[in-house]
Amino acid sequence: ENEENNAIDFCLQAGCEHELGYEGIAILELIGHIAYTSAYQKLRTEEQLGYIVSAFPRKIMGGGQGLSVVVQSSSTLPATLEERCEAWLESFHKELIEMPEDQIAMEAAGVVAQLLERDTNLSDQVSSTWGEILLTETVNSMKLKTPAFDRLERLAQVLMLEENEDDDDDEMTLDKDVPRKTAAELKQLMIQMFEKYFLATSPERRVASFRVYSQKGKSIYEANKGKPGVLSSYDDSRHLKQYLSSWPSAPYWIQK
C-alpha cells in the first residue's frame, strides 16, 4: 500500500530462437550490449525518468527471444514511460545507423570478452558445466538432450571479426567453416534485425509492456481494466494464450 514507484518492462520480441540460430542470437546480444549504455544515457542521465533504467536481451517463454527495456520511476506514470521508451528506440535506431565501424568492432570485442570469460575456480567451472546440462531439461526429445558445452564459444565466434583473426585464442575450438565478418557486415546485420523486429513501423514488430503502478496511479490502473489490449489478471493472460500460435520449442543450438 505504500509503493511509490511506477515501472514498466517494455519487451520486444525478436522471433523464434531456433530460427535465429547462433548468428541471430549473437547479433541480438550485440544490440543489447550497445542498447544498455544508450538507454541509460538517454532515459536515466538525460531525461532523469528514474533510478533504474536497463536494456538487455532476454529469453522469452515459448521459444522466443527479445529485447527488454526496464524503467522504474517515482515521478512518471507507465504510459509516459512507454512513450519515452518508444522515443529512445527511434533515436537508438539512428545511433546504430550513424555508428562508425571502429566502434562496432570495439562493442563486438566487448561482447566476445564477456562470452569467453574464463571460470576462475573449480566451483565456477562446475556451475557453468551444470548450467549447460540444465538448459536441456526443457527439451522433450531424448535425441536433443546432448548439452552444447561449446555454446558460448560458438556465439562468440559469430562476433569475431575478419580483421582480428590473428588475435584468436589458441585454446578455443573454432569452427573453420564459419566465415569471419567485417565490422560493416555486423553493423548491417544489427540494423536489419532492429528494423525487422524493433522499429515501430515494422509489420513484424511484437511488443508486450508490463506495467506496475504506484498507489498514486491506482485509479488509472482501475480505469484501464477491461480495455482492449489490456490484460489485468492471470486469467486474462491464460485466456489470450489459447488463441496464440506457438514457435518450435527446440533451442537455437540444436541444428536442423
# chains A, B, ... in the order shown; residues from 1 in each chain; ligands from 1

$ closest_atom_pairs --of "stretch 128-242 of chain A" --to "stretch 102-110 of chain A" --cutoff "8 Å" --atoms "only C-alpha atoms" --output "tab-separated table"
residue	atom	partner	partner_atom	distance
A:Leu159	CA	A:Ala108	CA	5.8
A:Met160	CA	A:Ala109	CA	7.2
A:Leu161	CA	A:Ala105	CA	7.4
A:Ala183	CA	A:Ala105	CA	5.5
A:Leu186	CA	A:Ile104	CA	7.6
A:Lys187	CA	A:Ile104	CA	6.7

$ write_last_selection --atoms "all heavy atoms" --output "mmCIF file, in the first residue's frame"
data_model
loop_
_atom_site.group_PDB
_atom_site.id
_atom_site.type_symbol
_atom_site.label_atom_id
_atom_site.label_comp_id
_atom_site.auth_asym_id
_atom_site.auth_seq_id
_atom_site.Cartn_x
_atom_site.Cartn_y
_atom_site.Cartn_z
ATOM 1 N N LEU A 159 30.821 -13.098 -33.629
ATOM 2 C CA LEU A 159 31.180 -11.689 -33.482
ATOM 3 C C LEU A 159 32.673 -11.428 -33.617
ATOM 4 O O LEU A 159 33.124 -10.289 -33.484
ATOM 5 C CB LEU A 159 30.701 -11.178 -32.112
ATOM 6 C CG LEU A 159 29.200 -11.324 -31.839
ATOM 7 C CD1 LEU A 159 28.873 -10.844 -30.439
ATOM 8 C CD2 LEU A 159 28.377 -10.562 -32.874
ATOM 9 N N MET A 160 33.450 -12.483 -33.893
ATOM 10 C CA MET A 160 34.886 -12.305 -34.104
ATOM 11 C C MET A 160 35.127 -11.798 -35.520
ATOM 12 O O MET A 160 34.690 -12.412 -36.492
ATOM 13 C CB MET A 160 35.618 -13.632 -33.880
ATOM 14 C CG MET A 160 35.623 -14.077 -32.440
ATOM 15 S SD MET A 160 36.476 -15.671 -32.250
ATOM 16 C CE MET A 160 36.385 -15.887 -30.482
ATOM 17 N N LEU A 161 35.808 -10.696 -35.629
ATOM 18 C CA LEU A 161 35.935 -10.009 -36.906
ATOM 19 C C LEU A 161 37.070 -10.552 -37.761
ATOM 20 O O LEU A 161 38.082 -11.039 -37.261
ATOM 21 C CB LEU A 161 36.133 -8.521 -36.679
ATOM 22 C CG LEU A 161 34.990 -7.802 -35.948
ATOM 23 C CD1 LEU A 161 35.306 -6.335 -35.791
ATOM 24 C CD2 LEU A 161 33.677 -7.996 -36.687
ATOM 25 N N ALA A 183 33.343 -5.521 -39.623
ATOM 26 C CA ALA A 183 32.536 -4.645 -38.766
ATOM 27 C C ALA A 183 31.355 -4.086 -39.552
ATOM 28 O O ALA A 183 30.253 -3.929 -39.006
ATOM 29 C CB ALA A 183 33.404 -3.522 -38.215
ATOM 30 N N LEU A 186 28.634 -6.750 -39.601
ATOM 31 C CA LEU A 186 27.948 -6.836 -38.307
ATOM 32 C C LEU A 186 26.971 -5.679 -38.148
ATOM 33 O O LEU A 186 25.849 -5.858 -37.665
ATOM 34 C CB LEU A 186 28.959 -6.820 -37.157
ATOM 35 C CG LEU A 186 29.709 -8.097 -36.835
ATOM 36 C CD1 LEU A 186 30.563 -7.903 -35.591
ATOM 37 C CD2 LEU A 186 28.763 -9.277 -36.632
ATOM 38 N N LYS A 187 27.407 -4.498 -38.528
ATOM 39 C CA LYS A 187 26.539 -3.319 -38.431
ATOM 40 C C LYS A 187 25.275 -3.516 -39.261
ATOM 41 O O LYS A 187 24.163 -3.226 -38.800
ATOM 42 C CB LYS A 187 27.305 -2.083 -38.901
ATOM 43 C CG LYS A 187 26.470 -0.799 -38.903
ATOM 44 C CD LYS A 187 27.297 0.393 -39.330
ATOM 45 C CE LYS A 187 26.453 1.656 -39.375
ATOM 46 N NZ LYS A 187 27.249 2.849 -39.729
#

$ select_by_dssp --residues "stretch 85-211 of chain A" --states "alpha helix (DSSP H)" --output "PyMOL selection string"
chain A and resi 85-98+101-115+122-134+151-158+183-197

$ closest_atom_pairs --of "stretch 155-235 of chain A" --to "stretch 80-93 of chain A" --cutoff "9 Å" --atoms "only C-alpha atoms" --output "JSON lines"
{"residue": "A:Ile191", "atom": "CA", "partner": "A:His93", "partner_atom": "CA", "distance": 7.6}
{"residue": "A:Phe194", "atom": "CA", "partner": "A:His93", "partner_atom": "CA", "distance": 7.4}
{"residue": "A:Glu195", "atom": "CA", "partner": "A:His93", "partner_atom": "CA", "distance": 8.1}
{"residue": "A:Phe198", "atom": "CA", "partner": "A:Leu89", "partner_atom": "CA", "distance": 7.8}
{"residue": "A:Leu199", "atom": "CA", "partner": "A:Glu90", "partner_atom": "CA", "distance": 7.3}
{"residue": "A:Ala200", "atom": "CA", "partner": "A:Glu86", "partner_atom": "CA", "distance": 7.8}
{"residue": "A:Ser209", "atom": "CA", "partner": "A:Glu82", "partner_atom": "CA", "distance": 7.8}

$ write_last_selection --atoms "all heavy atoms" --output "short mmCIF file (atom, residue, chain, number, x, y, z; two decimals), in the first residue's frame"
data_model
loop_
_atom_site.label_atom_id
_atom_site.label_comp_id
_atom_site.auth_asym_id
_atom_site.auth_seq_id
_atom_site.Cartn_x
_atom_site.Cartn_y
_atom_site.Cartn_z
N ILE A 191 21.34 -3.59 -37.92
CA ILE A 191 20.31 -2.70 -38.44
C ILE A 191 19.14 -3.49 -39.02
O ILE A 191 17.97 -3.16 -38.81
CB ILE A 191 20.91 -1.74 -39.49
CG1 ILE A 191 21.90 -0.78 -38.82
CG2 ILE A 191 19.81 -0.96 -40.21
CD1 ILE A 191 22.69 0.06 -39.79
N PHE A 194 17.14 -4.89 -36.12
CA PHE A 194 16.41 -3.83 -35.44
C PHE A 194 15.20 -3.39 -36.26
O PHE A 194 14.09 -3.24 -35.73
CB PHE A 194 17.34 -2.63 -35.19
CG PHE A 194 16.75 -1.59 -34.28
CD1 PHE A 194 17.02 -1.60 -32.93
CD2 PHE A 194 15.88 -0.62 -34.78
CE1 PHE A 194 16.46 -0.65 -32.08
CE2 PHE A 194 15.31 0.33 -33.95
CZ PHE A 194 15.60 0.31 -32.59
N GLU A 195 15.40 -3.19 -37.56
CA GLU A 195 14.31 -2.70 -38.40
C GLU A 195 13.23 -3.75 -38.61
O GLU A 195 12.07 -3.40 -38.85
CB GLU A 195 14.88 -2.23 -39.74
CG GLU A 195 15.74 -0.98 -39.60
CD GLU A 195 16.32 -0.49 -40.91
OE1 GLU A 195 16.27 -1.28 -41.89
OE2 GLU A 195 16.84 0.64 -40.95
N PHE A 198 12.16 -4.37 -34.08
CA PHE A 198 12.05 -3.35 -33.04
C PHE A 198 11.56 -2.00 -33.54
O PHE A 198 11.11 -1.18 -32.75
CB PHE A 198 13.41 -3.16 -32.34
CG PHE A 198 14.00 -4.43 -31.80
CD1 PHE A 198 15.37 -4.64 -31.82
CD2 PHE A 198 13.20 -5.44 -31.28
CE1 PHE A 198 15.93 -5.81 -31.32
CE2 PHE A 198 13.73 -6.61 -30.79
CZ PHE A 198 15.11 -6.80 -30.81
N LEU A 199 11.66 -1.74 -34.82
CA LEU A 199 11.23 -0.46 -35.36
C LEU A 199 9.70 -0.36 -35.31
O LEU A 199 8.99 -1.31 -35.67
CB LEU A 199 11.72 -0.32 -36.81
CG LEU A 199 11.79 1.10 -37.39
CD1 LEU A 199 12.77 1.95 -36.61
CD2 LEU A 199 12.17 1.04 -38.86
N ALA A 200 9.19 0.79 -34.88
CA ALA A 200 7.74 0.95 -34.66
C ALA A 200 6.92 0.73 -35.91
O ALA A 200 5.77 0.31 -35.84
CB ALA A 200 7.47 2.35 -34.10
N SER A 209 4.03 -4.76 -23.02
CA SER A 209 4.50 -3.84 -21.99
C SER A 209 3.85 -4.22 -20.66
O SER A 209 2.63 -4.24 -20.53
CB SER A 209 4.15 -2.39 -22.35
OG SER A 209 4.66 -1.51 -21.36
#

$ closest_residue --among "A:Ile27, A:Ile254, A:Leu12, A:Met99" --to "A:Ser141" --atoms "only C-alpha atoms"
A:Ile254

$ residues_around --residues "stretch 29-46 of chain A" --least-positions-apart "4" --cutoff "7 Å" --atoms "only C-alpha atoms" --output "list of chain:residue names"
A:Ile25, A:Gly50, A:Tyr51, A:Val53, A:Ser54, A:Ala55, A:Phe56, A:Pro57, A:Leu67, A:Trp88, A:Glu107, A:Ala108, A:Val111, A:Met190

$ decode --residues "stretch 105-119 of chain A" --atoms "N, CA, C and O atoms" --output "PDB file, in the first residue's frame"
ATOM      1  N   ALA A 105      33.333  -2.525 -33.969  1.00  0.00           N
ATOM      2  CA  ALA A 105      34.362  -3.518 -33.675  1.00  0.00           C
ATOM      3  C   ALA A 105      34.667  -3.563 -32.182  1.00  0.00           C
ATOM      4  O   ALA A 105      34.838  -4.637 -31.599  1.00  0.00           O
ATOM      5  N   MET A 106      34.735  -2.394 -31.552  1.00  0.00           N
ATOM      6  CA  MET A 106      35.025  -2.324 -30.119  1.00  0.00           C
ATOM      7  C   MET A 106      33.894  -2.954 -29.297  1.00  0.00           C
ATOM      8  O   MET A 106      34.139  -3.710 -28.355  1.00  0.00           O
ATOM      9  N   GLU A 107      32.643  -2.644 -29.676  1.00  0.00           N
ATOM     10  CA  GLU A 107      31.491  -3.201 -28.946  1.00  0.00           C
ATOM     11  C   GLU A 107      31.430  -4.716 -29.122  1.00  0.00           C
ATOM     12  O   GLU A 107      31.143  -5.453 -28.171  1.00  0.00           O
ATOM     13  N   ALA A 108      31.700  -5.192 -30.338  1.00  0.00           N
ATOM     14  CA  ALA A 108      31.687  -6.634 -30.592  1.00  0.00           C
ATOM     15  C   ALA A 108      32.764  -7.333 -29.769  1.00  0.00           C
ATOM     16  O   ALA A 108      32.533  -8.413 -29.202  1.00  0.00           O
ATOM     17  N   ALA A 109      33.931  -6.722 -29.683  1.00  0.00           N
ATOM     18  CA  ALA A 109      35.014  -7.300 -28.884  1.00  0.00           C
ATOM     19  C   ALA A 109      34.628  -7.372 -27.413  1.00  0.00           C
ATOM     20  O   ALA A 109      34.996  -8.324 -26.708  1.00  0.00           O
ATOM     21  N   GLY A 110      33.859  -6.393 -26.945  1.00  0.00           N
ATOM     22  CA  GLY A 110      33.393  -6.405 -25.559  1.00  0.00           C
ATOM     23  C   GLY A 110      32.460  -7.572 -25.282  1.00  0.00           C
ATOM     24  O   GLY A 110      32.552  -8.226 -24.234  1.00  0.00           O
ATOM     25  N   VAL A 111      31.558  -7.847 -26.223  1.00  0.00           N
ATOM     26  CA  VAL A 111      30.633  -8.978 -26.045  1.00  0.00           C
ATOM     27  C   VAL A 111      31.399 -10.297 -26.107  1.00  0.00           C
ATOM     28  O   VAL A 111      31.149 -11.211 -25.311  1.00  0.00           O
ATOM     29  N   VAL A 112      32.346 -10.406 -27.030  1.00  0.00           N
ATOM     30  CA  VAL A 112      33.160 -11.619 -27.138  1.00  0.00           C
ATOM     31  C   VAL A 112      33.900 -11.871 -25.821  1.00  0.00           C
ATOM     32  O   VAL A 112      33.945 -13.008 -25.329  1.00  0.00           O
ATOM     33  N   ALA A 113      34.467 -10.822 -25.237  1.00  0.00           N
ATOM     34  CA  ALA A 113      35.192 -10.965 -23.969  1.00  0.00           C
ATOM     35  C   ALA A 113      34.273 -11.461 -22.857  1.00  0.00           C
ATOM     36  O   ALA A 113      34.664 -12.302 -22.036  1.00  0.00           O
ATOM     37  N   GLN A 114      33.039 -10.968 -22.818  1.00  0.00           N
ATOM     38  CA  GLN A 114      32.081 -11.419 -21.805  1.00  0.00           C
ATOM     39  C   GLN A 114      31.711 -12.887 -22.014  1.00  0.00           C
ATOM     40  O   GLN A 114      31.644 -13.666 -21.054  1.00  0.00           O
ATOM     41  N   LEU A 115      31.469 -13.258 -23.255  1.00  0.00           N
ATOM     42  CA  LEU A 115      31.079 -14.633 -23.551  1.00  0.00           C
ATOM     43  C   LEU A 115      32.191 -15.630 -23.235  1.00  0.00           C
ATOM     44  O   LEU A 115      31.920 -16.769 -22.836  1.00  0.00           O
ATOM     45  N   LEU A 116      33.438 -15.209 -23.429  1.00  0.00           N
ATOM     46  CA  LEU A 116      34.577 -16.109 -23.251  1.00  0.00           C
ATOM     47  C   LEU A 116      35.276 -15.935 -21.907  1.00  0.00           C
ATOM     48  O   LEU A 116      36.375 -16.457 -21.716  1.00  0.00           O
ATOM     49  N   GLU A 117      34.638 -15.211 -21.005  1.00  0.00           N
ATOM     50  CA  GLU A 117      35.243 -15.008 -19.673  1.00  0.00           C
ATOM     51  C   GLU A 117      35.492 -16.362 -18.997  1.00  0.00           C
ATOM     52  O   GLU A 117      34.584 -17.195 -18.878  1.00  0.00           O
ATOM     53  N   ARG A 118      36.725 -16.570 -18.577  1.00  0.00           N
ATOM     54  CA  ARG A 118      37.113 -17.871 -18.036  1.00  0.00           C
ATOM     55  C   ARG A 118      36.631 -18.033 -16.599  1.00  0.00           C
ATOM     56  O   ARG A 118      36.584 -17.073 -15.829  1.00  0.00           O
ATOM     57  N   ASP A 119      36.290 -19.269 -16.241  1.00  0.00           N
ATOM     58  CA  ASP A 119      35.965 -19.581 -14.851  1.00  0.00           C
ATOM     59  C   ASP A 119      37.236 -19.498 -14.020  1.00  0.00           C
ATOM     60  O   ASP A 119      38.286 -20.006 -14.413  1.00  0.00           O
TER      61      ASP A 119
END
